[in-house]
Structures are given as structure tokens and as C-alpha cells.
$ cat start32.pdb   # PDB, C-alpha atoms
ATOM      1  CA  MET A  10      42.560  29.911 -73.606  1.00  0.00           C
ATOM      2  CA  ILE A  11      39.515  31.665 -72.151  1.00  0.00           C
ATOM      3  CA  ILE A  12      37.218  29.924 -69.674  1.00  0.00           C
ATOM      4  CA  GLY A  13      33.736  31.184 -68.860  1.00  0.00           C
ATOM      5  CA  ILE A  14      32.191  30.604 -65.429  1.00  0.00           C
ATOM      6  CA  ILE A  15      28.449  31.046 -64.890  1.00  0.00           C
ATOM      7  CA  LEU A  16      27.187  31.299 -61.313  1.00  0.00           C
ATOM      8  CA  ALA A  17      23.892  29.419 -61.011  1.00  0.00           C
ATOM      9  CA  ALA A  18      23.928  27.731 -57.599  1.00  0.00           C
ATOM     10  CA  GLY A  19      21.800  30.119 -55.563  1.00  0.00           C
ATOM     11  CA  LYS A  20      18.564  29.055 -53.950  1.00  0.00           C
ATOM     12  CA  GLY A  21      16.473  31.939 -55.299  1.00  0.00           C
ATOM     13  CA  THR A  22      15.200  32.841 -51.829  1.00  0.00           C
ATOM     14  CA  ARG A  23      13.590  36.143 -52.810  1.00  0.00           C
ATOM     15  CA  ILE A  24      11.807  34.585 -55.778  1.00  0.00           C
ATOM     16  CA  LYS A  25      10.692  31.759 -53.449  1.00  0.00           C
ATOM     17  CA  ALA A  26      11.952  28.949 -55.692  1.00  0.00           C
ATOM     18  CA  LYS A  27      10.500  25.614 -54.567  1.00  0.00           C
ATOM     19  CA  THR A  28      11.193  22.973 -57.218  1.00  0.00           C
ATOM     20  CA  ALA A  29      13.498  24.530 -59.839  1.00  0.00           C
ATOM     21  CA  ASN A  30      16.458  26.876 -59.855  1.00  0.00           C
ATOM     22  CA  LYS A  31      15.677  30.521 -60.571  1.00  0.00           C
ATOM     23  CA  VAL A  32      17.953  30.519 -63.638  1.00  0.00           C
ATOM     24  CA  THR A  33      15.602  28.058 -65.379  1.00  0.00           C
ATOM     25  CA  LEU A  34      12.715  30.564 -65.322  1.00  0.00           C
ATOM     26  CA  PRO A  35      11.596  31.743 -68.759  1.00  0.00           C
ATOM     27  CA  PHE A  36      12.779  35.168 -69.837  1.00  0.00           C
ATOM     28  CA  LEU A  37      10.787  35.989 -72.985  1.00  0.00           C
ATOM     29  CA  ASN A  38      10.178  32.253 -73.451  1.00  0.00           C
ATOM     30  CA  LYS A  39      13.832  31.233 -73.056  1.00  0.00           C
ATOM     31  CA  PRO A  40      15.396  30.078 -69.763  1.00  0.00           C
ATOM     32  CA  LEU A  41      17.564  32.768 -68.164  1.00  0.00           C
ATOM     33  CA  ILE A  42      20.611  30.469 -68.011  1.00  0.00           C
ATOM     34  CA  LEU A  43      20.553  29.945 -71.779  1.00  0.00           C
ATOM     35  CA  TYR A  44      21.353  33.619 -72.354  1.00  0.00           C
ATOM     36  CA  SER A  45      24.450  33.153 -70.175  1.00  0.00           C
ATOM     37  CA  VAL A  46      25.619  29.970 -71.885  1.00  0.00           C
ATOM     38  CA  GLU A  47      25.053  31.371 -75.372  1.00  0.00           C
ATOM     39  CA  LEU A  48      27.035  34.502 -74.492  1.00  0.00           C
ATOM     40  CA  MET A  49      29.946  32.433 -73.152  1.00  0.00           C
ATOM     41  CA  GLU A  50      29.866  30.244 -76.269  1.00  0.00           C
ATOM     42  CA  LYS A  51      30.636  33.359 -78.323  1.00  0.00           C
ATOM     43  CA  VAL A  52      33.575  34.591 -76.217  1.00  0.00           C
ATOM     44  CA  ALA A  53      35.061  31.611 -74.324  1.00  0.00           C
ATOM     45  CA  ASP A  54      36.633  28.278 -75.289  1.00  0.00           C
ATOM     46  CA  LYS A  55      34.947  26.278 -72.514  1.00  0.00           C
ATOM     47  CA  THR A  56      32.113  27.045 -70.105  1.00  0.00           C
ATOM     48  CA  PHE A  57      31.733  25.908 -66.495  1.00  0.00           C
ATOM     49  CA  VAL A  58      28.391  26.278 -64.717  1.00  0.00           C
ATOM     50  CA  VAL A  59      28.395  26.381 -60.918  1.00  0.00           C
ATOM     51  CA  ILE A  60      25.305  24.527 -59.720  1.00  0.00           C
ATOM     52  CA  GLY A  61      23.858  23.866 -56.289  1.00  0.00           C
ATOM     53  CA  ALA A  62      20.210  24.389 -55.339  1.00  0.00           C
ATOM     54  CA  PHE A  63      17.793  22.444 -57.589  1.00  0.00           C
ATOM     55  CA  HIS A  64      20.790  21.530 -59.762  1.00  0.00           C
ATOM     56  CA  GLU A  65      18.926  18.874 -61.751  1.00  0.00           C
ATOM     57  CA  SER A  66      16.616  21.550 -63.162  1.00  0.00           C
ATOM     58  CA  VAL A  67      19.649  23.463 -64.486  1.00  0.00           C
ATOM     59  CA  LYS A  68      21.150  20.326 -66.042  1.00  0.00           C
ATOM     60  CA  LYS A  69      17.824  19.512 -67.696  1.00  0.00           C
ATOM     61  CA  VAL A  70      17.601  22.937 -69.344  1.00  0.00           C
ATOM     62  CA  LEU A  71      21.237  22.684 -70.519  1.00  0.00           C
ATOM     63  CA  ALA A  72      21.075  19.035 -71.621  1.00  0.00           C
ATOM     64  CA  HIS A  73      21.728  20.014 -75.251  1.00  0.00           C
ATOM     65  CA  LYS A  74      24.658  22.294 -74.382  1.00  0.00           C
ATOM     66  CA  LYS A  75      28.305  21.313 -74.023  1.00  0.00           C
ATOM     67  CA  VAL A  76      29.163  22.689 -70.590  1.00  0.00           C
ATOM     68  CA  PHE A  77      31.075  21.468 -67.550  1.00  0.00           C
ATOM     69  CA  TYR A  78      29.620  21.544 -64.053  1.00  0.00           C
ATOM     70  CA  ALA A  79      31.068  22.473 -60.677  1.00  0.00           C
ATOM     71  CA  TYR A  80      28.905  21.627 -57.667  1.00  0.00           C
ATOM     72  CA  GLN A  81      28.731  24.144 -54.817  1.00  0.00           C
ATOM     73  CA  LYS A  82      27.512  21.994 -51.931  1.00  0.00           C
ATOM     74  CA  LYS A  83      27.364  24.844 -49.421  1.00  0.00           C
ATOM     75  CA  ARG A  84      26.258  28.169 -50.829  1.00  0.00           C
ATOM     76  CA  LEU A  85      28.840  30.447 -49.259  1.00  0.00           C
ATOM     77  CA  GLY A  86      28.711  33.366 -51.681  1.00  0.00           C
ATOM     78  CA  THR A  87      29.938  34.322 -55.139  1.00  0.00           C
ATOM     79  CA  GLY A  88      33.628  34.243 -54.185  1.00  0.00           C
ATOM     80  CA  HIS A  89      33.244  30.699 -52.882  1.00  0.00           C
ATOM     81  CA  ALA A  90      31.331  29.712 -56.045  1.00  0.00           C
ATOM     82  CA  VAL A  91      34.224  30.887 -58.227  1.00  0.00           C
ATOM     83  CA  LYS A  92      36.641  28.990 -55.969  1.00  0.00           C
ATOM     84  CA  VAL A  93      34.619  25.800 -56.505  1.00  0.00           C
ATOM     85  CA  ALA A  94      34.713  26.343 -60.282  1.00  0.00           C
ATOM     86  CA  ILE A  95      38.468  27.029 -60.311  1.00  0.00           C
ATOM     87  CA  GLU A  96      39.086  23.827 -58.337  1.00  0.00           C
ATOM     88  CA  GLU A  97      37.152  21.900 -61.015  1.00  0.00           C
ATOM     89  CA  ILE A  98      39.110  23.610 -63.814  1.00  0.00           C
ATOM     90  CA  VAL A  99      42.425  22.725 -62.138  1.00  0.00           C
ATOM     91  CA  LYS A 100      41.226  19.157 -61.587  1.00  0.00           C
ATOM     92  CA  LYS A 101      40.688  18.848 -65.337  1.00  0.00           C
ATOM     93  CA  LYS A 102      44.257  20.102 -65.881  1.00  0.00           C
ATOM     94  CA  ILE A 103      43.049  23.158 -67.770  1.00  0.00           C
ATOM     95  CA  ARG A 104      45.280  26.250 -67.557  1.00  0.00           C
ATOM     96  CA  PRO A 105      43.484  29.216 -69.116  1.00  0.00           C
ATOM     97  CA  GLU A 106      45.007  32.665 -69.433  1.00  0.00           C
ATOM     98  CA  ILE A 107      41.698  34.394 -68.772  1.00  0.00           C
ATOM     99  CA  VAL A 108      38.598  33.563 -66.729  1.00  0.00           C
ATOM    100  CA  LEU A 109      35.279  35.300 -67.328  1.00  0.00           C
ATOM    101  CA  VAL A 110      32.615  35.271 -64.616  1.00  0.00           C
ATOM    102  CA  GLY A 111      28.944  36.151 -65.055  1.00  0.00           C
ATOM    103  CA  TYR A 112      25.671  35.549 -63.234  1.00  0.00           C
ATOM    104  CA  GLY A 113      23.148  33.018 -64.534  1.00  0.00           C
ATOM    105  CA  ASP A 114      20.314  35.484 -63.939  1.00  0.00           C
ATOM    106  CA  HIS A 115      21.979  38.595 -65.347  1.00  0.00           C
ATOM    107  CA  THR A 116      23.549  38.222 -68.770  1.00  0.00           C
ATOM    108  CA  MET A 117      20.497  38.674 -70.991  1.00  0.00           C
ATOM    109  CA  PHE A 118      21.464  42.209 -72.029  1.00  0.00           C
ATOM    110  CA  TYR A 119      25.209  41.739 -72.523  1.00  0.00           C
ATOM    111  CA  LYS A 120      26.576  42.024 -76.039  1.00  0.00           C
ATOM    112  CA  LYS A 121      29.330  39.828 -77.399  1.00  0.00           C
ATOM    113  CA  GLU A 122      31.076  42.967 -78.663  1.00  0.00           C
ATOM    114  CA  ASP A 123      31.269  44.466 -75.171  1.00  0.00           C
ATOM    115  CA  ILE A 124      32.731  41.284 -73.662  1.00  0.00           C
ATOM    116  CA  LYS A 125      35.316  41.016 -76.445  1.00  0.00           C
ATOM    117  CA  LYS A 126      36.188  44.676 -75.864  1.00  0.00           C
ATOM    118  CA  LEU A 127      36.581  43.945 -72.132  1.00  0.00           C
ATOM    119  CA  ILE A 128      38.925  41.024 -72.888  1.00  0.00           C
ATOM    120  CA  ALA A 129      41.007  43.101 -75.314  1.00  0.00           C
ATOM    121  CA  PHE A 130      41.245  45.973 -72.810  1.00  0.00           C
ATOM    122  CA  HIS A 131      42.216  43.505 -70.069  1.00  0.00           C
ATOM    123  CA  GLN A 132      44.996  42.009 -72.214  1.00  0.00           C
ATOM    124  CA  LYS A 133      46.291  45.383 -73.393  1.00  0.00           C
ATOM    125  CA  GLU A 134      46.549  46.730 -69.836  1.00  0.00           C
ATOM    126  CA  LYS A 135      47.886  43.428 -68.428  1.00  0.00           C
ATOM    127  CA  ALA A 136      45.307  43.755 -65.656  1.00  0.00           C
ATOM    128  CA  ALA A 137      44.747  41.348 -62.801  1.00  0.00           C
ATOM    129  CA  MET A 138      41.033  41.979 -62.991  1.00  0.00           C
ATOM    130  CA  SER A 139      38.675  43.845 -65.310  1.00  0.00           C
ATOM    131  CA  ILE A 140      34.993  44.575 -64.847  1.00  0.00           C
ATOM    132  CA  ILE A 141      31.983  45.927 -66.683  1.00  0.00           C
ATOM    133  CA  THR A 142      30.671  49.114 -65.084  1.00  0.00           C
ATOM    134  CA  THR A 143      27.773  51.414 -65.845  1.00  0.00           C
ATOM    135  CA  ASP A 144      26.412  54.759 -64.656  1.00  0.00           C
ATOM    136  CA  SER A 145      23.011  55.006 -62.996  1.00  0.00           C
ATOM    137  CA  ASP A 146      21.108  57.496 -60.857  1.00  0.00           C
ATOM    138  CA  ASN A 147      18.780  54.744 -59.714  1.00  0.00           C
ATOM    139  CA  ASN A 148      20.878  52.738 -57.271  1.00  0.00           C
ATOM    140  CA  GLU A 149      18.358  53.267 -54.474  1.00  0.00           C
ATOM    141  CA  LYS A 150      16.329  50.708 -56.415  1.00  0.00           C
ATOM    142  CA  LEU A 151      19.112  48.564 -57.903  1.00  0.00           C
ATOM    143  CA  HIS A 152      21.278  48.231 -54.760  1.00  0.00           C
ATOM    144  CA  TRP A 153      24.419  47.417 -56.807  1.00  0.00           C
ATOM    145  CA  GLY A 154      27.982  47.943 -55.641  1.00  0.00           C
ATOM    146  CA  TYR A 155      29.536  51.401 -56.051  1.00  0.00           C
ATOM    147  CA  ILE A 156      32.822  51.625 -57.960  1.00  0.00           C
ATOM    148  CA  LEU A 157      35.471  53.657 -56.134  1.00  0.00           C
ATOM    149  CA  ARG A 158      38.437  55.155 -57.995  1.00  0.00           C
ATOM    150  CA  ASP A 159      41.562  56.931 -56.759  1.00  0.00           C
ATOM    151  CA  GLU A 160      42.884  60.288 -57.908  1.00  0.00           C
ATOM    152  CA  LYS A 161      44.561  58.587 -60.891  1.00  0.00           C
ATOM    153  CA  ASN A 162      41.211  57.056 -61.901  1.00  0.00           C
ATOM    154  CA  ASN A 163      42.287  53.545 -60.928  1.00  0.00           C
ATOM    155  CA  ILE A 164      39.536  51.292 -59.525  1.00  0.00           C
ATOM    156  CA  ILE A 165      40.368  50.545 -55.897  1.00  0.00           C
ATOM    157  CA  ASP A 166      37.167  49.043 -54.491  1.00  0.00           C
ATOM    158  CA  SER A 167      33.528  48.111 -54.991  1.00  0.00           C
ATOM    159  CA  VAL A 168      31.370  48.994 -51.995  1.00  0.00           C
ATOM    160  CA  GLU A 169      28.076  47.204 -51.506  1.00  0.00           C
ATOM    161  CA  TYR A 170      24.999  49.455 -51.344  1.00  0.00           C
ATOM    162  CA  LYS A 171      24.216  48.470 -47.746  1.00  0.00           C
ATOM    163  CA  ASP A 172      27.783  49.283 -46.701  1.00  0.00           C
ATOM    164  CA  ALA A 173      28.076  52.582 -48.595  1.00  0.00           C
ATOM    165  CA  SER A 174      28.192  55.893 -46.763  1.00  0.00           C
ATOM    166  CA  ASP A 175      25.746  58.674 -47.562  1.00  0.00           C
ATOM    167  CA  GLU A 176      28.599  60.529 -49.277  1.00  0.00           C
ATOM    168  CA  ILE A 177      29.316  57.588 -51.608  1.00  0.00           C
ATOM    169  CA  LYS A 178      25.617  57.208 -52.400  1.00  0.00           C
ATOM    170  CA  LYS A 179      25.314  60.891 -53.162  1.00  0.00           C
ATOM    171  CA  ASN A 180      28.469  61.362 -55.240  1.00  0.00           C
ATOM    172  CA  THR A 181      29.066  58.010 -56.968  1.00  0.00           C
ATOM    173  CA  LYS A 182      27.183  57.121 -60.145  1.00  0.00           C
ATOM    174  CA  GLU A 183      29.461  54.373 -61.480  1.00  0.00           C
ATOM    175  CA  LEU A 184      28.215  50.916 -60.489  1.00  0.00           C
ATOM    176  CA  ASN A 185      29.572  47.381 -60.607  1.00  0.00           C
ATOM    177  CA  ALA A 186      27.473  45.651 -63.273  1.00  0.00           C
ATOM    178  CA  GLY A 187      28.534  42.144 -62.239  1.00  0.00           C
ATOM    179  CA  PHE A 188      30.573  40.763 -65.153  1.00  0.00           C
ATOM    180  CA  TYR A 189      34.251  40.035 -64.500  1.00  0.00           C
ATOM    181  CA  CYS A 190      37.403  39.189 -66.430  1.00  0.00           C
ATOM    182  CA  PHE A 191      40.323  37.744 -64.428  1.00  0.00           C
ATOM    183  CA  ASP A 192      43.905  36.769 -64.936  1.00  0.00           C
ATOM    184  CA  PHE A 193      43.878  33.063 -64.049  1.00  0.00           C
ATOM    185  CA  ASN A 194      47.046  33.215 -61.952  1.00  0.00           C
ATOM    186  CA  PHE A 195      45.638  36.121 -59.958  1.00  0.00           C
ATOM    187  CA  LEU A 196      42.584  34.016 -59.112  1.00  0.00           C
ATOM    188  CA  ILE A 197      44.649  30.985 -58.120  1.00  0.00           C
ATOM    189  CA  ASN A 198      46.772  33.109 -55.784  1.00  0.00           C
ATOM    190  CA  ASN A 199      44.028  35.223 -54.237  1.00  0.00           C
ATOM    191  CA  LEU A 200      40.713  33.385 -53.977  1.00  0.00           C
ATOM    192  CA  LYS A 201      41.733  32.085 -50.568  1.00  0.00           C
ATOM    193  CA  LYS A 202      42.286  35.675 -49.385  1.00  0.00           C
ATOM    194  CA  ILE A 203      38.652  36.712 -49.797  1.00  0.00           C
ATOM    195  CA  PRO A 204      37.380  37.694 -46.336  1.00  0.00           C
ATOM    196  CA  LYS A 205      34.185  36.297 -44.868  1.00  0.00           C
ATOM    197  CA  SER A 206      31.385  38.855 -44.611  1.00  0.00           C
ATOM    198  CA  LYS A 207      30.688  39.761 -41.008  1.00  0.00           C
ATOM    199  CA  VAL A 208      27.044  40.271 -41.945  1.00  0.00           C
ATOM    200  CA  THR A 209      26.224  37.144 -43.976  1.00  0.00           C
ATOM    201  CA  GLY A 210      29.183  34.827 -43.380  1.00  0.00           C
ATOM    202  CA  GLU A 211      29.649  34.584 -47.164  1.00  0.00           C
ATOM    203  CA  TYR A 212      32.601  35.264 -49.476  1.00  0.00           C
ATOM    204  CA  TYR A 213      32.039  37.829 -52.222  1.00  0.00           C
ATOM    205  CA  ILE A 214      33.753  37.964 -55.604  1.00  0.00           C
ATOM    206  CA  ASN A 215      33.900  41.775 -55.613  1.00  0.00           C
ATOM    207  CA  SER A 216      36.261  41.613 -52.600  1.00  0.00           C
ATOM    208  CA  LEU A 217      38.954  40.700 -55.122  1.00  0.00           C
ATOM    209  CA  ILE A 218      38.955  44.314 -56.331  1.00  0.00           C
ATOM    210  CA  LYS A 219      40.391  45.621 -53.077  1.00  0.00           C
ATOM    211  CA  ILE A 220      42.703  42.590 -52.789  1.00  0.00           C
ATOM    212  CA  ALA A 221      44.179  43.411 -56.211  1.00  0.00           C
ATOM    213  CA  SER A 222      44.377  47.130 -55.435  1.00  0.00           C
ATOM    214  CA  ASP A 223      46.186  46.456 -52.145  1.00  0.00           C
ATOM    215  CA  GLN A 224      48.813  44.533 -54.124  1.00  0.00           C
ATOM    216  CA  SER A 225      49.192  47.462 -56.556  1.00  0.00           C
ATOM    217  CA  LEU A 226      47.769  45.305 -59.323  1.00  0.00           C
ATOM    218  CA  ASP A 227      45.676  46.905 -62.060  1.00  0.00           C
ATOM    219  CA  VAL A 228      41.893  46.681 -61.888  1.00  0.00           C
ATOM    220  CA  ILE A 229      40.276  48.263 -64.919  1.00  0.00           C
ATOM    221  CA  GLY A 230      36.673  48.991 -65.807  1.00  0.00           C
ATOM    222  CA  LEU A 231      34.923  49.078 -69.150  1.00  0.00           C
ATOM    223  CA  LYS A 232      31.981  51.437 -68.818  1.00  0.00           C
ATOM    224  CA  VAL A 233      28.978  50.616 -70.996  1.00  0.00           C
ATOM    225  CA  PRO A 234      25.488  52.178 -71.213  1.00  0.00           C
ATOM    226  CA  PHE A 235      22.932  50.918 -68.694  1.00  0.00           C
ATOM    227  CA  SER A 236      20.889  49.581 -71.625  1.00  0.00           C
ATOM    228  CA  SER A 237      23.754  47.138 -72.293  1.00  0.00           C
ATOM    229  CA  VAL A 238      23.562  45.571 -68.826  1.00  0.00           C
ATOM    230  CA  GLY A 239      19.911  45.892 -67.794  1.00  0.00           C
ATOM    231  CA  ILE A 240      18.828  44.462 -64.451  1.00  0.00           C
ATOM    232  CA  GLY A 241      19.227  41.006 -62.980  1.00  0.00           C
ATOM    233  CA  VAL A 242      16.404  38.891 -61.593  1.00  0.00           C
ATOM    234  CA  ASN A 243      15.950  38.375 -57.847  1.00  0.00           C
ATOM    235  CA  THR A 244      12.179  38.779 -57.550  1.00  0.00           C
ATOM    236  CA  TRP A 245       9.115  38.180 -59.715  1.00  0.00           C
ATOM    237  CA  SER A 246       8.668  41.928 -60.161  1.00  0.00           C
ATOM    238  CA  GLU A 247      12.288  42.242 -61.349  1.00  0.00           C
ATOM    239  CA  LEU A 248      11.687  39.424 -63.839  1.00  0.00           C
ATOM    240  CA  ASP A 249       8.715  41.314 -65.225  1.00  0.00           C
ATOM    241  CA  GLU A 250      10.534  44.669 -65.248  1.00  0.00           C
ATOM    242  CA  SER A 251      13.684  43.200 -66.794  1.00  0.00           C
ATOM    243  CA  GLN A 252      11.705  41.738 -69.696  1.00  0.00           C
ATOM    244  CA  LYS A 253      10.047  45.106 -70.318  1.00  0.00           C
ATOM    245  CA  ILE A 254      13.440  46.878 -70.325  1.00  0.00           C
ATOM    246  CA  TYR A 255      14.861  44.208 -72.659  1.00  0.00           C
ATOM    247  CA  LEU A 256      12.040  44.702 -75.157  1.00  0.00           C
ATOM    248  CA  ALA A 257      12.388  48.496 -74.929  1.00  0.00           C
ATOM    249  CA  VAL A 258      16.129  48.217 -75.658  1.00  0.00           C
ATOM    250  CA  LYS A 259      15.455  45.850 -78.553  1.00  0.00           C
ATOM    251  CA  ASN A 260      12.943  48.300 -80.009  1.00  0.00           C
ATOM    252  CA  ASN A 261      15.415  51.194 -79.552  1.00  0.00           C
ATOM    253  CA  GLU A 262      13.133  52.897 -77.026  1.00  0.00           C
ATOM    254  CA  ILE A 263      15.989  53.199 -74.483  1.00  0.00           C
TER     255      ILE A 263
END

$ encode --input "start32.pdb" --output "C-alpha cells"
Amino acid sequence: MIIGIILAAGKGTRIKAKTANKVTLPFLNKPLILYSVELMEKVADKTFVVIGAFHESVKKVLAHKKVFYAYQKKRLGTGHAVKVAIEEIVKKKIRPEIVLVGYGDHTMFYKKEDIKKLIAFHQKEKAAMSIITTDSDNNEKLHWGYILRDEKNNIIDSVEYKDASDEIKKNTKELNAGFYCFDFNFLINNLKKIPKSKVTGEYYINSLIKIASDQSLDVIGLKVPFSSVGIGVNTWSELDESQKIYLAVKNNEI
């Protein structure tokens, strides 16, 4: 069984959300969160949506969809959000083999074929964790995590932009695109090991990369073109830009 988890609990601080969750904003006349749910419907058996800030607005948009909810009372980061979802899954006595995790504001561009390829790659390699990656020369603007690999090309870490050295920024083009595939047992055993950020006090899902690497467990990446991941939405300008990129991709201009 494959379970999909969509992270949609954030407050939308940078977009200055006041009455509705950011993921309910229209993206080419369809709420952002619907792209996430419809993607998970194509690749997962059940979908859990982690809600928190303005959660009623998310439920209203998804009223016609068959999804389960996990409520993140305190927004303590993406790692904590996944922990909340896993606790809900366990409570329902569901034991999936694989757990997919995506962001409610950043799955508009993803193709079903790429996610199925990620799952197949993950199963073939018997990985603890698999991620979508992409190459970009524009991370000064994106501020995504940098993917670090060892001499054998194994993924060993994902370093946040603000934490990356000048050398990493200069020499690393491969970025963490923010879609994950996990072995369920790995998650159960390691979510509690995610360290708290000294900067924000939050727990980040990408910390699981180093946790897996430190245990000599396989972390694999499926690299796709940037046009297959696009950009997420944190600000009004990003919403506008993301829609323009989406239309350009659709019209084969990128």
C-alpha cells in the first residue's frame, strides 16, 4: 500500500494570509491544494492532508474529495507535520509499505509518470528514502536545499540555502525539489530523531537525508527537468510567476 501525505498546515506568513490557507488560493482558476490531491489520487491508495492554520478553508475546498486529515496544532516544521500524519495513519491501523510526501503549494508541475518512476526506482533500490531533484543555476532566487553526494554518487545530505557555504553555492547545481518517497518503517523509526533547528526551533523533513546516510541506508534521487517541478508559492509574486512558468511549460515554450 502507498500512502500520500500533503503538507498544508502552514500559516502563509509571507503571502500574508488572513482568512484562508494559502493552499486554497486559485492557481489558474483551481485551488493549489487540488493539484496535490489529484496527483496523489493517481499514485497513492489513500491521501492524508496535514492541516493547521485556517484549516476550515482547506476542508471546504476539498469537501468533494475523499481524503483523511491530520491536525498539526503547533506548526513546528515539515518534519513535525509528517510525524503528525504518521501518528494518524498508525491510529487508523494502516501499515503502508511506502509513504509519499509533497507540499500543498508545490505539486502543480509534477507528472504522474515521474512519481511512478520515483516509486519504482525506490522499490528497485530498496531505499530508505528517495527524492525528486532538479538542476538549476538560479538558486540565488529559489533558495532551495542543495543536494550533496559522496564520491560514489550517493546522496548524503540536503543543505538549506541559508546554511550553505560559498563553495556549495558555487559548485552545486542539483537541488532538492521537495517531493519525497519513504520506506514506512524508516519513518516510524527515525522521525523522532529529527533535530530541532537552532535558528527557527522547527523540525525539517530534509534532515532525514543525513539521518539515513549516517545509518548507511540508501537515499536515492530521481533527477527531472526544472520544467517538471516549477516553483512553489510563498509570495504573491511567486504565485504570479509560477502560473506564467506553468503556462509556458504547457505551451512547450520551456

$ atom_distance --input "start32.pdb" --atom1 "CA of Thr143 in chain A" --atom2 "CA of Val238 in chain A"
7.8 Å

$ atom_distance --input "start32.pdb" --atom1 "CA of Gln252 in chain A" --atom2 "CA of Gly88 in chain A"
27.9 Å

$ atom_distance --input "start32.pdb" --atom1 "CA of Asp159 in chain A" --atom2 "CA of Lys232 in chain A"
16.4 Å

$ residues_near_point --input "start32.pdb" --point "(31.1, 38.2, -48.4)" --cutoff "12 Å" --atoms "all atoms listed in the file" --output "ChimeraX atom specification"
/A:84-90,168-169,172,202-217

$ residues_around --input "start32.pdb" --residues "Ala186 in chain A" --least-positions-apart "5" --cutoff "12 Å" --atoms "only C-alpha atoms" --output "PyMOL selection string"
chain A and resi 110-112+115-116+118-119+139-145+148+151-156+167+169+215+230-241

$ residues_around --input "start32.pdb" --residues "Asn199 in chain A" --least-positions-apart "5" --cutoff "12 Å" --atoms "all atoms listed in the file" --output "list in words"
Gly88, His89, Val91, Lys92, Ile95, Ala137, Met138, Phe191, Asp192, Phe193, Asn194, Pro204, Ile214, Ser216, Leu217, Ile218, Lys219, Ile220, Ala221, Ser222, Asp223, Gln224 and Leu226 of chain A

$ closest_residue --input "start32.pdb" --among "A:Gly19, A:Val70, A:Leu34, A:Asp166" --to "Asp249 in chain A" --atoms "all atoms listed in the file"
A:Leu34

$ residues_around --input "start32.pdb" --residues "range 44-58 of chain A" --least-positions-apart "4" --cutoff "10 Å" --atoms "all atoms listed in the file" --output "PyMOL selection string"
chain A and resi 10-18+32+36+39-40+67-68+71+74-80+90-91+94-95+97-98+103+105+107-122+124-125+128

$ residues_around --input "start32.pdb" --residues "Asp146 in chain A" --least-positions-apart "6" --cutoff "9 Å" --atoms "only C-alpha atoms" --output "list in words"
Thr181, Lys182 and Glu183 of chain A

$ closest_residue --input "start32.pdb" --among "A:Ile24, A:Leu157, A:Ile177, A:Leu37" --to "Lys253 in chain A" --atoms "all atoms listed in the file"
A:Leu37

$ axis_aligned_box --input "start32.pdb" --around "range 69-87 of chain A" --padding-each-side "5 Å" --output "JSON"
{"center_x": 24.3, "center_y": 26.7, "center_z": -62.3, "size_x": 23.5, "size_y": 25.3, "size_z": 36.0}

$ closest_residue --input "start32.pdb" --among "A:Ala26, A:Leu256, A:Ala72, A:Ala62" --to "Leu43 in chain A" --atoms "all atoms listed in the file"
A:Ala72

$ resolve_selection --input "start32.pdb" --expression "the PyMOL selection byres ((chain A and resi 28) around 9)" --output "ChimeraX atom specification"
/A:26-27,29-30,63,66

$ decode --input "start32.pdb" --residues "range 87-91 of chain A" --atoms "all heavy atoms" --output "PDB file, in the first residue's frame"
ATOM      1  N   THR A  87       8.194  20.998   8.821  1.00  0.00           N
ATOM      2  CA  THR A  87       7.746  19.925   7.927  1.00  0.00           C
ATOM      3  C   THR A  87       7.961  18.532   8.517  1.00  0.00           C
ATOM      4  O   THR A  87       7.147  17.630   8.307  1.00  0.00           O
ATOM      5  CB  THR A  87       8.484  20.035   6.584  1.00  0.00           C
ATOM      6  OG1 THR A  87       9.900  20.115   6.825  1.00  0.00           O
ATOM      7  CG2 THR A  87       8.047  21.282   5.831  1.00  0.00           C
ATOM      8  N   GLY A  88       9.064  18.360   9.257  1.00  0.00           N
ATOM      9  CA  GLY A  88       9.318  17.060   9.891  1.00  0.00           C
ATOM     10  C   GLY A  88       8.253  16.744  10.927  1.00  0.00           C
ATOM     11  O   GLY A  88       7.766  15.612  11.022  1.00  0.00           O
ATOM     12  N   HIS A  89       7.875  17.748  11.696  1.00  0.00           N
ATOM     13  CA  HIS A  89       6.822  17.580  12.702  1.00  0.00           C
ATOM     14  C   HIS A  89       5.478  17.312  12.023  1.00  0.00           C
ATOM     15  O   HIS A  89       4.676  16.497  12.508  1.00  0.00           O
ATOM     16  CB  HIS A  89       6.742  18.826  13.580  1.00  0.00           C
ATOM     17  CG  HIS A  89       5.671  18.771  14.619  1.00  0.00           C
ATOM     18  ND1 HIS A  89       4.482  19.452  14.488  1.00  0.00           N
ATOM     19  CD2 HIS A  89       5.597  18.089  15.795  1.00  0.00           C
ATOM     20  CE1 HIS A  89       3.713  19.204  15.548  1.00  0.00           C
ATOM     21  NE2 HIS A  89       4.378  18.385  16.350  1.00  0.00           N
ATOM     22  N   ALA A  90       5.212  17.974  10.895  1.00  0.00           N
ATOM     23  CA  ALA A  90       3.962  17.762  10.167  1.00  0.00           C
ATOM     24  C   ALA A  90       3.836  16.309   9.699  1.00  0.00           C
ATOM     25  O   ALA A  90       2.776  15.691   9.804  1.00  0.00           O
ATOM     26  CB  ALA A  90       3.883  18.710   8.972  1.00  0.00           C
ATOM     27  N   VAL A  91       4.932  15.758   9.191  1.00  0.00           N
ATOM     28  CA  VAL A  91       4.920  14.354   8.758  1.00  0.00           C
ATOM     29  C   VAL A  91       4.710  13.438   9.963  1.00  0.00           C
ATOM     30  O   VAL A  91       3.974  12.445   9.882  1.00  0.00           O
ATOM     31  CB  VAL A  91       6.226  13.999   8.015  1.00  0.00           C
ATOM     32  CG1 VAL A  91       6.294  12.502   7.724  1.00  0.00           C
ATOM     33  CG2 VAL A  91       6.325  14.799   6.718  1.00  0.00           C
TER      34      VAL A  91
END
